[in-house]
Amino acid sequence: MDAELMEIRQHMSQFPPFDALSEALLDELAGHIEVRYFKTGSDILLLNAHVDEFCYIRSGAVEVYRRQGDLYNRLGEGDIFGHFHLLRDHVVRFPARAIEDTLIYFIPDAVFQQLCDADEHFADFVELERPRLESAAEEQRESNDMMVTRIRRLLSRAPVMVNVDTSVQDAARQMSEDQASALLVTEPCTGDTLRCFHDGSEMRRIRGIMTNTDFRTRIVARGLSAQTAIGDAASQVLVSVQADVSIYEAMLVMLRNNVHHLPVLHRRRPLGIVHLSDIIRYETHSGLYLVSNIFSRLSVEGLARLAPDVRAAFVRMVEEGANSQMVGSALSTVGRSFTRRLCELAEDSLGPPPVPYAFMVNGSMARNEQGIVTDQDNALVLDDAFDPEEHDDYFRRLATFVSDGLDTCGYTYCKGDIMATNARWRQPLEVWKGYFRGWMSEPTPETLLHSSIFFDLDSAYGEAELVEELQDLVTEQAPRSPQFLAAMARNALNRTPPLGFFRTFVMEQDGKHNNSINLKRRGTAPMVDLIRIHALACGSSAQNSFERLDDIHQTRLLASGVSDKLRYAFEFLCISRLRHQAIDIGKGREPNNNIEPENVESSERHTLKDAFQVLSNAQKFLKFRYPMVGGQTERR
């Protein structure tokens with residue numbers, strides 16, 4: 001092969017869908033390329049013209065238009081166009097024009113058909129308009145890592161449940177018939193319903209758990225009658241976990257409480273019971289070193305010494321090919337573990353809390369999307385028995401202890417003071433409900449900012465039911481608040497992707513990071529914003545952005561395929577940010593959210609552009625999907 005053909009082959013092999021072709025197909029392709037040059041402003045494909053070739057951009061820039069003359073897409077080096085015409089009737093439906101001096105490789109229809117027949121990946125790409133960013137996102141493989149896999153994955157059946165007045169003999173018979181090693185003892189719900197669930201006929205609460213070991217030690221060894229009510233013998237100290245905690249966290253709960261059976265709940269409803277042997281069978285090479293070490297530390301100083309281990313674990317996950325969901329979930333697990341241990345240490349120092357409370361986390365930790373560059377967003381939700389004069393000093397001191405401890409461990413203070421140390425964010429449940437209702441009924445710039453932070457919420461420690469009440473409130477009221485959704489949509493347009501007119505990126509000019517792109521401010525954050533708005537509109541209770549996209553897809557709120565494009569774009573933006581942070585750490589630099597395009601490989605620059613274009617298109621849709629109501633006009 002001569003030098004010119006070798007150069008053509010080498011260039012095309014860097015970009016999808018050609019990057020997956022076999023060596024033989026690449027050789028065949030390069031031998032049939034015709035190269036043409038187009039000056040700025042000249043037409044490449046004319047509307048309704050007959051065409052027997054499709055185009056690959058070697059250099060320059062091209063605009064593709066719809067039949068009515070509207071701009072459809074702007075393409076650059078490594079992009080292809082014109083292939084849809086070959087798949088249909090060989091008539092140009094999307095004319096194209098060079099907007100810079102441009103070099104085009106023309107590929108004959110016969111070669112195009114040969115590639116489609118010979119390579120399934122190539123055929124999928126051109127026939128389904130499979131974007132580069134989808135291919136890039138799928139390179140991140142799923143993992144069985146215990147820090148990111150949810151405990152619900154280990155559930156194989158519903159739990160065995162008996163009423164509190166069932167005899168121990170009947171309960172034992174039920175366990176034998178179901179081949180279960182444990183059962184849950186339940187009773188009708190009276191009074192406080194926060195801890196109750198509906199079993200299909202009535203509201204019930206879990207009274208306790210009974211295991212094989214309990215039957216031996218609590219019944220047989222004590223000589224109790226077979227007719228003894230199970231409620232009189234069952235353990236009433238119930239240790240449980242929510243279904244979406246990681247296997248990592250679930251095993252830690254078992255180890256710290258010395259239990260072998262762990263009920264798994266969705267809110268208050270029991271989904272199943274996990275045994276320690278289930279986790280042992282599941283575990284591969286995923287150690288419990290880091291998180292178990294967090295709970296073994298006896299002081300803030302001891303916790304702070306684990307910060308380098310967190311960074312090392314982050315770099316290792318990225319280098320081993322973990323996707324952004326895995327990394328974000330693992331780092332969120334670590335962050336929640338730090339928070340929980342600090343709450344425990346605070347209670348050890350201050351004594352037991354005067355009223356029940358939940359330490360609520362917000363933002364990326366609540367979404368299971370935390371990165372290595374992060375600050376604190378947290379609050380306290382207190383029981384309605386809270387009396388400021390009697391109780392606030394305790395919770396102020398607890399909040400200060402936890403917030404200072406998190407800062408020492410690498411989770412910096414929130415610049416906007418969204419922390420439990422701020423008395424405004426240390427309130428009883430009814431006050432929080434008033435906050436949320438007011439923000440949705442009368443949105444203002446300030447309350448929209450608060451909504452974008454606090455409507456991603458999760459409980460890290462304490463009475464999770466208090467936070468669940470707020471989650472339920474948002475899920476129920478947001479879909480019925482069109483004015484709020486419209487205001488959120490307008491607010492989400494304040495941060496736009498860095499796409500310049502001539503296929504270039506718009507650089508930051510803030511002094512510290514000149515000539516760079518902030519992937520969080522210009523990419524992942526606005527993507528999170530728009531996904532949140534759609535999720536609120538369809539009544540999703542999910543917190544994680546990918547899970548919200550699943551719910552959005554089910555409601556058909558977006559056109560077919562749009563949810564998938566958002567997913568691929570979001571994944572690529574997230575993993576690009578994480579990769580560059582890992583590189584910074586590896587080179588001894590302090591990681592940040594900025595990248596310099598000249599330090600990004602050519603193929604990644606193109607995929608970044610694709611992802612930013614998906615974000616841009618999705619933002620344009622927001623104002624049409626959520627129009628201002630009540631005669632209000634759009635703010636300019």
# chains A, B, ... in the order shown; residues from 1 in each chain; ligands from 1

$ residues_around --residues "stretch 354-364 of chain A" --least-positions-apart "3" --cutoff "7 Å" --atoms "only C-alpha atoms" --output "PyMOL selection string"
chain A and resi 367-370+377-383+385-386+391+453-454+456-464+466-467

$ write_last_selection --atoms "N, CA, C and O atoms" --output "mmCIF file, in the first residue's frame"
data_model
loop_
_atom_site.group_PDB
_atom_site.id
_atom_site.type_symbol
_atom_site.label_atom_id
_atom_site.label_comp_id
_atom_site.auth_asym_id
_atom_site.auth_seq_id
_atom_site.Cartn_x
_atom_site.Cartn_y
_atom_site.Cartn_z
ATOM 1 N N ARG A 367 -27.609 11.863 44.831
ATOM 2 C CA ARG A 367 -27.871 11.256 43.524
ATOM 3 C C ARG A 367 -26.978 10.055 43.247
ATOM 4 O O ARG A 367 -27.084 9.439 42.199
ATOM 5 N N ASN A 368 -26.056 9.739 44.158
ATOM 6 C CA ASN A 368 -25.057 8.695 43.909
ATOM 7 C C ASN A 368 -24.206 9.041 42.691
ATOM 8 O O ASN A 368 -23.874 8.177 41.873
ATOM 9 N N GLU A 369 -23.839 10.313 42.585
ATOM 10 C CA GLU A 369 -23.047 10.784 41.444
ATOM 11 C C GLU A 369 -21.845 11.602 41.905
ATOM 12 O O GLU A 369 -21.365 12.476 41.184
ATOM 13 N N GLN A 370 -21.346 11.311 43.097
ATOM 14 C CA GLN A 370 -20.283 12.140 43.652
ATOM 15 C C GLN A 370 -18.972 11.924 42.914
ATOM 16 O O GLN A 370 -18.653 10.825 42.469
ATOM 17 N N ASP A 377 -23.138 19.520 50.857
ATOM 18 C CA ASP A 377 -24.520 20.009 50.782
ATOM 19 C C ASP A 377 -25.305 19.130 51.736
ATOM 20 O O ASP A 377 -25.571 17.959 51.431
ATOM 21 N N ASN A 378 -25.676 19.654 52.897
ATOM 22 C CA ASN A 378 -26.367 18.825 53.868
ATOM 23 C C ASN A 378 -27.298 19.664 54.734
ATOM 24 O O ASN A 378 -27.264 20.901 54.692
ATOM 25 N N ALA A 379 -28.128 18.992 55.507
ATOM 26 C CA ALA A 379 -29.113 19.670 56.356
ATOM 27 C C ALA A 379 -29.577 18.693 57.425
ATOM 28 O O ALA A 379 -29.283 17.493 57.372
ATOM 29 N N LEU A 380 -30.296 19.199 58.402
ATOM 30 C CA LEU A 380 -30.900 18.368 59.434
ATOM 31 C C LEU A 380 -32.420 18.471 59.353
ATOM 32 O O LEU A 380 -32.973 19.571 59.320
ATOM 33 N N VAL A 381 -33.082 17.313 59.286
ATOM 34 C CA VAL A 381 -34.543 17.255 59.356
ATOM 35 C C VAL A 381 -34.878 16.695 60.731
ATOM 36 O O VAL A 381 -34.528 15.553 61.051
ATOM 37 N N LEU A 382 -35.552 17.488 61.548
ATOM 38 C CA LEU A 382 -35.802 17.149 62.937
ATOM 39 C C LEU A 382 -37.252 16.722 63.148
ATOM 40 O O LEU A 382 -38.155 17.143 62.409
ATOM 41 N N ASP A 383 -37.453 15.893 64.138
ATOM 42 C CA ASP A 383 -38.813 15.501 64.505
ATOM 43 C C ASP A 383 -39.608 16.746 64.896
ATOM 44 O O ASP A 383 -39.061 17.727 65.411
ATOM 45 N N ALA A 385 -41.346 17.275 67.292
ATOM 46 C CA ALA A 385 -41.293 17.571 68.723
ATOM 47 C C ALA A 385 -40.147 18.531 69.057
ATOM 48 O O ALA A 385 -39.998 18.941 70.217
ATOM 49 N N PHE A 386 -39.369 18.901 68.079
ATOM 50 C CA PHE A 386 -38.223 19.804 68.275
ATOM 51 C C PHE A 386 -38.673 21.143 68.849
ATOM 52 O O PHE A 386 -39.598 21.781 68.342
ATOM 53 N N HIS A 391 -33.670 22.327 72.382
ATOM 54 C CA HIS A 391 -32.953 21.313 71.625
ATOM 55 C C HIS A 391 -31.934 21.843 70.623
ATOM 56 O O HIS A 391 -31.058 21.088 70.194
ATOM 57 N N ILE A 453 -31.006 22.316 44.559
ATOM 58 C CA ILE A 453 -30.103 21.662 45.510
ATOM 59 C C ILE A 453 -30.851 20.655 46.372
ATOM 60 O O ILE A 453 -30.485 19.481 46.450
ATOM 61 N N PHE A 454 -31.932 21.095 47.005
ATOM 62 C CA PHE A 454 -32.587 20.274 48.010
ATOM 63 C C PHE A 454 -33.515 19.220 47.428
ATOM 64 O O PHE A 454 -33.892 18.276 48.141
ATOM 65 N N ASP A 456 -32.707 17.073 45.299
ATOM 66 C CA ASP A 456 -31.911 15.849 45.258
ATOM 67 C C ASP A 456 -31.583 15.562 46.718
ATOM 68 O O ASP A 456 -30.734 16.231 47.314
ATOM 69 N N LEU A 457 -32.241 14.591 47.329
ATOM 70 C CA LEU A 457 -32.142 14.431 48.778
ATOM 71 C C LEU A 457 -32.141 12.972 49.184
ATOM 72 O O LEU A 457 -32.781 12.132 48.554
ATOM 73 N N ASP A 458 -31.376 12.699 50.248
ATOM 74 C CA ASP A 458 -31.288 11.346 50.766
ATOM 75 C C ASP A 458 -30.889 11.425 52.232
ATOM 76 O O ASP A 458 -30.276 12.407 52.671
ATOM 77 N N SER A 459 -31.223 10.401 52.990
ATOM 78 C CA SER A 459 -30.847 10.344 54.399
ATOM 79 C C SER A 459 -29.531 9.596 54.537
ATOM 80 O O SER A 459 -29.393 8.475 54.040
ATOM 81 N N ALA A 460 -28.573 10.210 55.211
ATOM 82 C CA ALA A 460 -27.283 9.552 55.443
ATOM 83 C C ALA A 460 -27.217 8.916 56.820
ATOM 84 O O ALA A 460 -26.438 7.987 57.041
ATOM 85 N N TYR A 461 -28.017 9.417 57.774
ATOM 86 C CA TYR A 461 -27.959 8.903 59.140
ATOM 87 C C TYR A 461 -29.236 9.301 59.872
ATOM 88 O O TYR A 461 -29.804 10.370 59.618
ATOM 89 N N GLY A 462 -29.665 8.444 60.778
ATOM 90 C CA GLY A 462 -30.819 8.779 61.597
ATOM 91 C C GLY A 462 -32.110 8.204 61.059
ATOM 92 O O GLY A 462 -32.132 7.134 60.439
ATOM 93 N N GLU A 463 -33.202 8.929 61.286
ATOM 94 C CA GLU A 463 -34.543 8.462 60.931
ATOM 95 C C GLU A 463 -34.835 8.771 59.463
ATOM 96 O O GLU A 463 -35.282 9.862 59.113
ATOM 97 N N ALA A 464 -34.589 7.777 58.607
ATOM 98 C CA ALA A 464 -34.738 7.986 57.166
ATOM 99 C C ALA A 464 -36.161 8.375 56.788
ATOM 100 O O ALA A 464 -36.378 9.054 55.773
ATOM 101 N N LEU A 466 -38.048 10.563 57.925
ATOM 102 C CA LEU A 466 -38.236 12.013 57.882
ATOM 103 C C LEU A 466 -37.894 12.565 56.500
ATOM 104 O O LEU A 466 -38.578 13.448 55.974
ATOM 105 N N VAL A 467 -36.821 12.050 55.895
ATOM 106 C CA VAL A 467 -36.428 12.489 54.552
ATOM 107 C C VAL A 467 -37.371 11.904 53.507
ATOM 108 O O VAL A 467 -37.715 12.560 52.517
#

$ select_by_dssp --residues "stretch 293-379 of chain A" --states "alpha helix (DSSP H)" --output "number ranges by chain"
A: 293-296, 300-304, 307-319, 324-350, 364-367

$ atom_distance --atom1 "atom CA of A:Glu604" --atom2 "atom CA of A:Gly76"
12.8 Å

$ residues_around --residues "A:His553" --least-positions-apart "2" --cutoff "12 Å" --atoms "only C-alpha atoms" --output "ChimeraX atom specification"
/A:531,534-535,538,540,546-551,555-567

$ residues_around --residues "A:Asp165" --least-positions-apart "2" --cutoff "9 Å" --atoms "only C-alpha atoms" --output "VMD selection string"
chain A and resid 162 to 163 167 to 168 187 228 to 232

$ select_by_dssp --residues "stretch 5-101 of chain A" --states "strand (DSSP E or B)" --output "ChimeraX atom specification"
/A:34-38,43-45,50,53-59,62-65,71-75,80-81,91,96-98

$ residues_around --residues "A:Gln236" --least-positions-apart "4" --cutoff "10 Å" --atoms "only C-alpha atoms" --output "list in words"
Val185, Ile206, Arg207, Gly208, Ile209, Met210, Gly231 and Asp232 of chain A

$ write_last_selection --atoms "all heavy atoms" --output "mmCIF file, in the first residue's frame"
data_model
loop_
_atom_site.group_PDB
_atom_site.id
_atom_site.type_symbol
_atom_site.label_atom_id
_atom_site.label_comp_id
_atom_site.auth_asym_id
_atom_site.auth_seq_id
_atom_site.Cartn_x
_atom_site.Cartn_y
_atom_site.Cartn_z
ATOM 1 N N VAL A 185 -41.765 -10.758 61.818
ATOM 2 C CA VAL A 185 -42.967 -10.730 62.639
ATOM 3 C C VAL A 185 -43.608 -9.351 62.497
ATOM 4 O O VAL A 185 -42.940 -8.331 62.716
ATOM 5 C CB VAL A 185 -42.635 -11.015 64.110
ATOM 6 C CG1 VAL A 185 -43.905 -10.971 64.961
ATOM 7 C CG2 VAL A 185 -41.948 -12.370 64.253
ATOM 8 N N ILE A 206 -43.351 -3.743 61.101
ATOM 9 C CA ILE A 206 -42.498 -4.876 61.450
ATOM 10 C C ILE A 206 -42.219 -4.818 62.947
ATOM 11 O O ILE A 206 -41.672 -3.834 63.454
ATOM 12 C CB ILE A 206 -41.180 -4.847 60.654
ATOM 13 C CG1 ILE A 206 -41.459 -4.879 59.151
ATOM 14 C CG2 ILE A 206 -40.303 -6.042 61.043
ATOM 15 C CD1 ILE A 206 -40.205 -4.743 58.300
ATOM 16 N N ARG A 207 -42.593 -5.880 63.637
ATOM 17 C CA ARG A 207 -42.367 -5.954 65.082
ATOM 18 C C ARG A 207 -40.966 -6.492 65.392
ATOM 19 O O ARG A 207 -40.330 -6.101 66.375
ATOM 20 C CB ARG A 207 -43.438 -6.858 65.700
ATOM 21 C CG ARG A 207 -43.218 -7.242 67.157
ATOM 22 C CD ARG A 207 -43.558 -6.123 68.111
ATOM 23 N NE ARG A 207 -43.523 -6.606 69.495
ATOM 24 C CZ ARG A 207 -44.558 -7.145 70.117
ATOM 25 N NH1 ARG A 207 -45.722 -7.273 69.472
ATOM 26 N NH2 ARG A 207 -44.456 -7.557 71.365
ATOM 27 N N GLY A 208 -40.480 -7.443 64.587
ATOM 28 C CA GLY A 208 -39.167 -8.018 64.850
ATOM 29 C C GLY A 208 -38.826 -9.085 63.844
ATOM 30 O O GLY A 208 -39.511 -9.255 62.825
ATOM 31 N N ILE A 209 -37.771 -9.832 64.110
ATOM 32 C CA ILE A 209 -37.301 -10.877 63.218
ATOM 33 C C ILE A 209 -37.058 -12.145 64.021
ATOM 34 O O ILE A 209 -36.726 -12.095 65.222
ATOM 35 C CB ILE A 209 -36.004 -10.445 62.493
ATOM 36 C CG1 ILE A 209 -35.612 -11.464 61.415
ATOM 37 C CG2 ILE A 209 -34.865 -10.208 63.489
ATOM 38 C CD1 ILE A 209 -34.483 -10.997 60.517
ATOM 39 N N MET A 210 -37.242 -13.284 63.401
ATOM 40 C CA MET A 210 -37.009 -14.579 64.033
ATOM 41 C C MET A 210 -36.177 -15.428 63.086
ATOM 42 O O MET A 210 -36.550 -15.645 61.931
ATOM 43 C CB MET A 210 -38.345 -15.271 64.320
ATOM 44 C CG MET A 210 -38.257 -16.385 65.321
ATOM 45 S SD MET A 210 -38.082 -15.727 66.991
ATOM 46 C CE MET A 210 -37.942 -17.273 67.905
ATOM 47 N N GLY A 231 -44.599 -13.253 68.756
ATOM 48 C CA GLY A 231 -44.229 -11.903 69.153
ATOM 49 C C GLY A 231 -43.563 -11.838 70.502
ATOM 50 O O GLY A 231 -42.802 -10.904 70.787
ATOM 51 N N ASP A 232 -43.836 -12.838 71.377
ATOM 52 C CA ASP A 232 -43.218 -12.857 72.698
ATOM 53 C C ASP A 232 -41.795 -13.392 72.656
ATOM 54 O O ASP A 232 -41.058 -13.246 73.645
ATOM 55 C CB ASP A 232 -44.053 -13.723 73.654
ATOM 56 C CG ASP A 232 -45.430 -13.125 73.921
ATOM 57 O OD1 ASP A 232 -45.562 -11.890 73.763
ATOM 58 O OD2 ASP A 232 -46.353 -13.890 74.251
#

$ closest_residue --among "A:Arg341, A:His50, A:Arg579, A:Arg205" --to "A:Glu320" --atoms "only C-alpha atoms"
A:Arg579

$ atom_distance --atom1 "atom CA of A:Ala182" --atom2 "atom CA of A:Val160"
7.5 Å
